[in-house]
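Visitor: Once you've had a glance at the structure underneath, I'll fire off some questions.
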Number of protein chains: 2
Amino acid sequence: MENEEYMKNVLKLHKLRVTDCRSNVLGFFMNNKTALSQGDLEGQFPQYDRVTLYRTLNSFLDSGILHKIPNSQGVATYGLCHETCSPDHHKHNHIHFKCNECGQIQCLDDKIVPVASVPEGYRIEAVNMIVDGVCANCA
Amino acid sequence: MENEEYMKNVLKLHKLRVTDCRSNVLGFFMNNKTALSQGDLEGQFPQYDRVTLYRTLNSFLDSGILHKIPNSQGVATYGLCHETCSPDHHKHNHIHFKCNECGQIQCLDDKIVPVASVPEGYRIEAVNMIVDGVCANCA
DNA sequence: TATATAAATGCAATTTAGTTGCATTTATAT
DNA sequence: ATATAAATGCAACTAAATTGCATTTATATA
């Protein structure tokens with residue numbers, strides 16, 4: 001378990017009120033190397049209402065603590081923002097990796113998304129790269 | 001409207017039985033430059049049951065006629081496979097573009113996904129690149 | 001061309017993910 | 001210490017997708 005004070009500071013820095021739910025959820029993300037879903041939170045924190053967990057995720061999204069990871073449908077997954085993100089300007093130029101064996105989704109924070117090419121007249125606002133395969137643990 | 005015979009041949013080539021629903025849905029995809037969702041099909045084909053449309057999409061996915069396009073949640077969208085795909089080996093090395101104005105999702109068939117880099121010991125099986133921005137029509 | 005059969009369809013019901021409204025509780029600025 | 005704006009819990013609801021089953025249909029083959 002990470003330092004409780006540290007969680008509080010992160011929340012305050014993002015202008016969020018400090019509550020038990022937020023501190024614990026943030027700590028869970030910090031101690032996890034993988035992306036997490038609403039379902040993961042429900043499993044970990046039965047003491048909090050589903051709706052509260054949804055709203056916690058959304059407040060973290062809005063404040064730039066988490067980013068949503070695109071996938072091929074199903075459940076939404078979220079990853080910690082390691083770069084400095086503001087609500088309306090997320091910068092996630094790292095690659096996301098989904099292991100087809102264990103199902104876990106990771107942010108490859110040190111793997112930069114390569115430059116994308118689009119047709120004449122198109123404007124790029126964000127680029128996401130999702131790699132599917134087998135992680136080192138499962139290989 | 002495309003040639004009815006052509007649709008039938010495509011279905012037969014993918015070892016699918018030829019039905020009205022499948023021919024019409026396939027034709028709709030062929031005449032559309034953009035990716036389509038279940039909802040798009042329901043709007044276009046009120047004569048078919050929702051469940052039938054779901055199953056049509058899934059049979060097209062399984063047989064390699066369509067591929068699923070990753071997104072940041074919401075509804076699933078599907079695009080025609082232009083390369084030759086088999087059920088378990090889809091090759092979609094083109095970039096997907098989502099316009100934030102009109103909401104349409106396109107397969108940029110001639111824009112190749114650049115090479116991804118992953119950590120030591122990771123194996124790559126598929127790479128998806130999704131670009132968000134504004135298309136030429138909306139710019 | 002007729003027919004057996006495996007597959008596709010339609011309908012009802014269910015599951016799962018996510019959202020909304022509202023009363024109550026709580027964090028925090030003063 | 002307290003006013004108040006925000007967070008929580010609960011119930012109800014919406015939307016997306018799935019499952020089971022009876023009926024219909026495509027198609028292989030006799």
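In the structure tokens, each chain is lettered A, B, ... as it comes, each chain's residues begin at 1, and ligands are numbered from 1 in order of appearance.
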Go through chain B and flag each residue having an atom no more than 9 Å from chain D; for those, report the closest pair of atoms plus their distance in Å to one decimal, using only C-alpha atoms (C1' of nucleotides), ordered by chain and rising number, as CSV.
Guide:
```
residue,atom,partner,partner_atom,distance
B:Arg17,CA,D:DA26,C1',6.6
B:Val18,CA,D:DA26,C1',7.2
B:Thr19,CA,D:DA26,C1',7.7
B:Val51,CA,D:DT18,C1',8.9
B:Tyr54,CA,D:DA17,C1',8.3
B:Gly74,CA,D:DA16,C1',8.9
B:Val75,CA,D:DA16,C1',7.6
```
Visitor: Using only C-alpha atoms, find each residue of chain B with at least one atom at most 7 Å away from an atom of chain A; report its shortest atom-to-atom pair and that distance in Å (one decimal), sort the rows by chain and rising residue number, and return the result as JSON lines.
Guide:
```
{"residue": "B:Lys68", "atom": "CA", "partner": "A:Ser72", "partner_atom": "CA", "distance": 6.5}
{"residue": "B:Ile69", "atom": "CA", "partner": "A:Ser72", "partner_atom": "CA", "distance": 6.2}
{"residue": "B:Pro70", "atom": "CA", "partner": "A:Ser72", "partner_atom": "CA", "distance": 4.1}
{"residue": "B:Asn71", "atom": "CA", "partner": "A:Pro70", "partner_atom": "CA", "distance": 4.7}
{"residue": "B:Ser72", "atom": "CA", "partner": "A:Pro70", "partner_atom": "CA", "distance": 4.1}
{"residue": "B:Gln73", "atom": "CA", "partner": "A:Ala76", "partner_atom": "CA", "distance": 6.1}
{"residue": "B:Ala76", "atom": "CA", "partner": "A:Gln73", "partner_atom": "CA", "distance": 6.1}
{"residue": "B:Lys111", "atom": "CA", "partner": "A:Ser117", "partner_atom": "CA", "distance": 6.4}
{"residue": "B:Pro114", "atom": "CA", "partner": "A:Pro114", "partner_atom": "CA", "distance": 6.4}
{"residue": "B:Ser117", "atom": "CA", "partner": "A:Lys111", "partner_atom": "CA", "distance": 6.4}
{"residue": "B:Val118", "atom": "CA", "partner": "A:Lys111", "partner_atom": "CA", "distance": 6.7}
{"residue": "B:Gly121", "atom": "CA", "partner": "A:Ala136", "partner_atom": "CA", "distance": 4.7}
{"residue": "B:Tyr122", "atom": "CA", "partner": "A:Cys135", "partner_atom": "CA", "distance": 4.6}
{"residue": "B:Arg123", "atom": "CA", "partner": "A:Val134", "partner_atom": "CA", "distance": 5.0}
{"residue": "B:Ile124", "atom": "CA", "partner": "A:Gly133", "partner_atom": "CA", "distance": 4.4}
{"residue": "B:Glu125", "atom": "CA", "partner": "A:Gly133", "partner_atom": "CA", "distance": 4.4}
{"residue": "B:Ala126", "atom": "CA", "partner": "A:Asp132", "partner_atom": "CA", "distance": 5.0}
{"residue": "B:Val127", "atom": "CA", "partner": "A:Val131", "partner_atom": "CA", "distance": 4.5}
{"residue": "B:Asn128", "atom": "CA", "partner": "A:Ile130", "partner_atom": "CA", "distance": 5.1}
{"residue": "B:Met129", "atom": "CA", "partner": "A:Met129", "partner_atom": "CA", "distance": 4.4}
{"residue": "B:Ile130", "atom": "CA", "partner": "A:Asn128", "partner_atom": "CA", "distance": 5.1}
{"residue": "B:Val131", "atom": "CA", "partner": "A:Val127", "partner_atom": "CA", "distance": 4.5}
{"residue": "B:Asp132", "atom": "CA", "partner": "A:Ala126", "partner_atom": "CA", "distance": 5.0}
{"residue": "B:Gly133", "atom": "CA", "partner": "A:Ile124", "partner_atom": "CA", "distance": 4.4}
{"residue": "B:Val134", "atom": "CA", "partner": "A:Arg123", "partner_atom": "CA", "distance": 5.0}
{"residue": "B:Cys135", "atom": "CA", "partner": "A:Tyr122", "partner_atom": "CA", "distance": 4.6}
{"residue": "B:Ala136", "atom": "CA", "partner": "A:Gly121", "partner_atom": "CA", "distance": 4.7}
```
Visitor: Next, write the just-selected residues to a file, as a JSON list (two decimals), in the first residue's frame, keeping N, CA and C atoms as the atom set.
Guide:
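Here's the written file selection_13.json:
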```
[["chain", "number", "residue", "atom", "x", "y", "z"],
["B", 68, "LYS", "N", -13.56, -5.40, -36.60],
["B", 68, "LYS", "CA", -14.05, -4.52, -35.56],
["B", 68, "LYS", "C", -13.04, -3.40, -35.36],
["B", 69, "ILE", "N", -13.55, -2.20, -35.17],
["B", 69, "ILE", "CA", -12.65, -1.06, -35.04],
["B", 69, "ILE", "C", -12.60, -0.61, -33.59],
["B", 70, "PRO", "N", -11.43, -0.60, -32.98],
["B", 70, "PRO", "CA", -11.31, -0.19, -31.59],
["B", 70, "PRO", "C", -11.70, 1.28, -31.43],
["B", 71, "ASN", "N", -12.30, 1.61, -30.31],
["B", 71, "ASN", "CA", -12.63, 3.01, -30.03],
["B", 71, "ASN", "C", -12.58, 3.27, -28.53],
["B", 72, "SER", "N", -12.80, 4.51, -28.18],
["B", 72, "SER", "CA", -12.80, 4.85, -26.75],
["B", 72, "SER", "C", -14.20, 4.70, -26.18],
["B", 73, "GLN", "N", -14.72, 3.54, -26.32],
["B", 73, "GLN", "CA", -16.00, 3.17, -25.76],
["B", 73, "GLN", "C", -17.19, 3.68, -26.53],
["B", 76, "ALA", "N", -19.88, -0.37, -30.84],
["B", 76, "ALA", "CA", -18.93, -1.06, -31.70],
["B", 76, "ALA", "C", -19.14, -0.62, -33.14],
["B", 111, "LYS", "N", -3.38, 4.12, -45.88],
["B", 111, "LYS", "CA", -2.45, 4.63, -44.87],
["B", 111, "LYS", "C", -2.02, 3.49, -43.96],
["B", 114, "PRO", "N", 2.29, 2.50, -38.86],
["B", 114, "PRO", "CA", 3.74, 2.42, -38.70],
["B", 114, "PRO", "C", 4.13, 1.32, -37.72],
["B", 117, "SER", "N", 6.80, -0.43, -31.35],
["B", 117, "SER", "CA", 7.90, -0.95, -30.55],
["B", 117, "SER", "C", 7.36, -1.42, -29.20],
["B", 118, "VAL", "N", 7.73, -2.62, -28.78],
["B", 118, "VAL", "CA", 7.28, -3.16, -27.50],
["B", 118, "VAL", "C", 8.50, -3.66, -26.71],
["B", 121, "GLY", "N", 10.77, -9.42, -25.01],
["B", 121, "GLY", "CA", 9.99, -10.57, -24.54],
["B", 121, "GLY", "C", 8.51, -10.48, -24.87],
["B", 122, "TYR", "N", 8.06, -9.35, -25.38],
["B", 122, "TYR", "CA", 6.66, -9.21, -25.78],
["B", 122, "TYR", "C", 6.53, -9.64, -27.24],
["B", 123, "ARG", "N", 5.41, -10.29, -27.55],
["B", 123, "ARG", "CA", 5.17, -10.69, -28.94],
["B", 123, "ARG", "C", 3.99, -9.90, -29.50],
["B", 124, "ILE", "N", 4.15, -9.35, -30.68],
["B", 124, "ILE", "CA", 3.09, -8.57, -31.32],
["B", 124, "ILE", "C", 2.26, -9.48, -32.22],
["B", 125, "GLU", "N", 0.93, -9.42, -32.05],
["B", 125, "GLU", "CA", 0.06, -10.19, -32.94],
["B", 125, "GLU", "C", -0.77, -9.29, -33.83],
["B", 126, "ALA", "N", -1.08, -8.09, -33.35],
["B", 126, "ALA", "CA", -1.85, -7.15, -34.16],
["B", 126, "ALA", "C", -1.60, -5.74, -33.66],
["B", 127, "VAL", "N", -1.67, -4.81, -34.54],
["B", 127, "VAL", "CA", -1.46, -3.42, -34.18],
["B", 127, "VAL", "C", -2.60, -2.58, -34.74],
["B", 128, "ASN", "N", -3.19, -1.78, -33.88],
["B", 128, "ASN", "CA", -4.25, -0.88, -34.32],
["B", 128, "ASN", "C", -3.84, 0.56, -34.06],
["B", 129, "MET", "N", -4.09, 1.41, -35.05],
["B", 129, "MET", "CA", -3.84, 2.82, -34.84],
["B", 129, "MET", "C", -5.13, 3.58, -35.13],
["B", 130, "ILE", "N", -5.57, 4.35, -34.16],
["B", 130, "ILE", "CA", -6.80, 5.12, -34.31],
["B", 130, "ILE", "C", -6.46, 6.59, -34.19],
["B", 131, "VAL", "N", -6.77, 7.32, -35.23],
["B", 131, "VAL", "CA", -6.48, 8.74, -35.24],
["B", 131, "VAL", "C", -7.79, 9.51, -35.08],
["B", 132, "ASP", "N", -7.83, 10.40, -34.11],
["B", 132, "ASP", "CA", -8.98, 11.28, -33.93],
["B", 132, "ASP", "C", -8.64, 12.65, -34.45],
["B", 133, "GLY", "N", -9.61, 13.31, -35.08],
["B", 133, "GLY", "CA", -9.35, 14.64, -35.59],
["B", 133, "GLY", "C", -10.54, 15.15, -36.38],
["B", 134, "VAL", "N", -10.25, 15.87, -37.45],
["B", 134, "VAL", "CA", -11.32, 16.43, -38.29],
["B", 134, "VAL", "C", -11.05, 16.02, -39.73],
["B", 135, "CYS", "N", -12.09, 15.47, -40.37],
["B", 135, "CYS", "CA", -11.91, 15.00, -41.74],
["B", 135, "CYS", "C", -11.99, 16.17, -42.73],
["B", 136, "ALA", "N", -11.67, 15.89, -43.96],
["B", 136, "ALA", "CA", -11.61, 16.95, -44.98],
["B", 136, "ALA", "C", -12.97, 17.62, -45.17]]
```
Visitor: Please return, as a ChimeraX atom specification, all residues of chain B that DSSP assigns to strand (DSSP E or B) on the basis of the backbone.
Guide: /B:34,36-37,66-69,71,77-80,86,89,94-99,105-112,123-134
Visitor: Would you return as a VMD selection string the members of range 14-133 of chain A that DSSP assigns to alpha helix (DSSP H) on this structure's backbone?
Guide: chain A and resid 20 to 31 38 to 44 50 to 63
Visitor: Next, dump the selected residues to file, keeping only N, CA and C atoms, as a short mmCIF file (atom, residue, chain, number, x, y, z; two decimals), in the first residue's frame.
Guide:
```
data_model
loop_
_atom_site.label_atom_id
_atom_site.label_comp_id
_atom_site.auth_asym_id
_atom_site.auth_seq_id
_atom_site.Cartn_x
_atom_site.Cartn_y
_atom_site.Cartn_z
N ASP A 20 -12.35 8.89 1.14
CA ASP A 20 -11.84 7.52 1.26
C ASP A 20 -11.84 6.80 -0.08
N CYS A 21 -12.98 6.89 -0.76
CA CYS A 21 -13.12 6.17 -2.02
C CYS A 21 -12.04 6.60 -3.00
N ARG A 22 -11.89 7.90 -3.16
CA ARG A 22 -10.90 8.38 -4.13
C ARG A 22 -9.49 7.98 -3.75
N SER A 23 -9.15 8.10 -2.46
CA SER A 23 -7.80 7.72 -2.03
C SER A 23 -7.53 6.25 -2.30
N ASN A 24 -8.50 5.42 -1.96
CA ASN A 24 -8.30 3.98 -2.14
C ASN A 24 -8.23 3.58 -3.60
N VAL A 25 -9.11 4.16 -4.41
CA VAL A 25 -9.10 3.83 -5.83
C VAL A 25 -7.79 4.29 -6.46
N LEU A 26 -7.36 5.48 -6.11
CA LEU A 26 -6.09 5.99 -6.64
C LEU A 26 -4.93 5.07 -6.23
N GLY A 27 -4.94 4.67 -4.96
CA GLY A 27 -3.89 3.77 -4.49
C GLY A 27 -3.89 2.45 -5.25
N PHE A 28 -5.07 1.95 -5.56
CA PHE A 28 -5.19 0.70 -6.29
C PHE A 28 -4.58 0.85 -7.69
N PHE A 29 -4.85 1.98 -8.33
CA PHE A 29 -4.26 2.23 -9.65
C PHE A 29 -2.74 2.32 -9.54
N MET A 30 -2.25 3.00 -8.48
CA MET A 30 -0.81 3.20 -8.35
C MET A 30 -0.08 1.89 -8.10
N ASN A 31 -0.75 0.98 -7.39
CA ASN A 31 -0.11 -0.29 -7.09
C ASN A 31 -0.27 -1.33 -8.19
N GLN A 38 -14.07 -0.65 -14.45
CA GLN A 38 -15.11 -0.53 -13.43
C GLN A 38 -15.28 -1.85 -12.67
N GLY A 39 -15.33 -2.95 -13.41
CA GLY A 39 -15.49 -4.26 -12.80
C GLY A 39 -14.38 -4.60 -11.83
N ASP A 40 -13.15 -4.24 -12.20
CA ASP A 40 -12.01 -4.47 -11.29
C ASP A 40 -12.21 -3.72 -9.99
N LEU A 41 -12.69 -2.49 -10.10
CA LEU A 41 -12.91 -1.68 -8.89
C LEU A 41 -14.03 -2.27 -8.04
N GLU A 42 -15.10 -2.72 -8.69
CA GLU A 42 -16.20 -3.31 -7.94
C GLU A 42 -15.72 -4.54 -7.16
N GLY A 43 -14.85 -5.33 -7.79
CA GLY A 43 -14.32 -6.50 -7.12
C GLY A 43 -13.45 -6.13 -5.92
N GLN A 44 -12.67 -5.10 -6.09
CA GLN A 44 -11.72 -4.69 -5.05
C GLN A 44 -12.38 -3.92 -3.91
N ARG A 50 -21.54 0.94 -6.74
CA ARG A 50 -21.13 0.94 -8.15
C ARG A 50 -21.12 2.35 -8.72
N VAL A 51 -22.17 3.08 -8.42
CA VAL A 51 -22.30 4.42 -8.98
C VAL A 51 -21.18 5.33 -8.50
N THR A 52 -20.83 5.17 -7.24
CA THR A 52 -19.73 5.97 -6.70
C THR A 52 -18.43 5.65 -7.42
N LEU A 53 -18.23 4.38 -7.71
CA LEU A 53 -17.01 4.00 -8.43
C LEU A 53 -17.03 4.57 -9.86
N TYR A 54 -18.17 4.52 -10.51
CA TYR A 54 -18.28 5.15 -11.84
C TYR A 54 -17.93 6.63 -11.75
N ARG A 55 -18.47 7.28 -10.73
CA ARG A 55 -18.23 8.72 -10.62
C ARG A 55 -16.79 9.02 -10.23
N THR A 56 -16.21 8.12 -9.48
CA THR A 56 -14.78 8.29 -9.14
C THR A 56 -13.94 8.21 -10.42
N LEU A 57 -14.22 7.20 -11.23
CA LEU A 57 -13.49 7.08 -12.50
C LEU A 57 -13.68 8.34 -13.35
N ASN A 58 -14.91 8.82 -13.41
CA ASN A 58 -15.15 10.00 -14.25
C ASN A 58 -14.48 11.26 -13.71
N SER A 59 -14.45 11.39 -12.38
CA SER A 59 -13.77 12.57 -11.84
C SER A 59 -12.26 12.47 -12.11
N PHE A 60 -11.72 11.27 -12.08
CA PHE A 60 -10.30 11.08 -12.37
C PHE A 60 -10.02 11.35 -13.85
N LEU A 61 -10.96 10.95 -14.69
CA LEU A 61 -10.82 11.23 -16.13
C LEU A 61 -10.83 12.74 -16.36
N ASP A 62 -11.82 13.39 -15.78
CA ASP A 62 -11.99 14.83 -16.01
C ASP A 62 -10.82 15.64 -15.49
N SER A 63 -10.25 15.17 -14.39
CA SER A 63 -9.17 15.95 -13.79
C SER A 63 -7.80 15.56 -14.32
#
```
Visitor: Using only C-alpha atoms (C1' of nucleotides) and a distance of at most 12 Å, pull out the residues of chain C that contact chain B, as a list in words.
Guide: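 Filtering chain C at 12 Å from chain B with only C-alpha atoms (C1' of nucleotides) gives DA6, DA7, DA8, DT9, DG10, DC11, DA12, DA17 and DG18 of chain C.
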Visitor: Quick one: pull the distance between C1' of DT28 in chain C and CA of His14 in chain A, Å, one decimal.
Guide: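 So the two atoms, C1' of DT28 in chain C and CA of His14 in chain A, lie 15.2 Å apart.
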Visitor: What separation in Å, quoted to one decimal, exists between CA of Gln106 in chain A and CA of Gly79 in chain A?
Guide: 7.8 Å
Visitor: To one decimal place in Å, what is the distance between C1' of DT16 in chain C and CA of Gly103 in chain B?
Guide: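 Separation between C1' of DT16 in chain C and CA of Gly103 in chain B: 25.3 Å.
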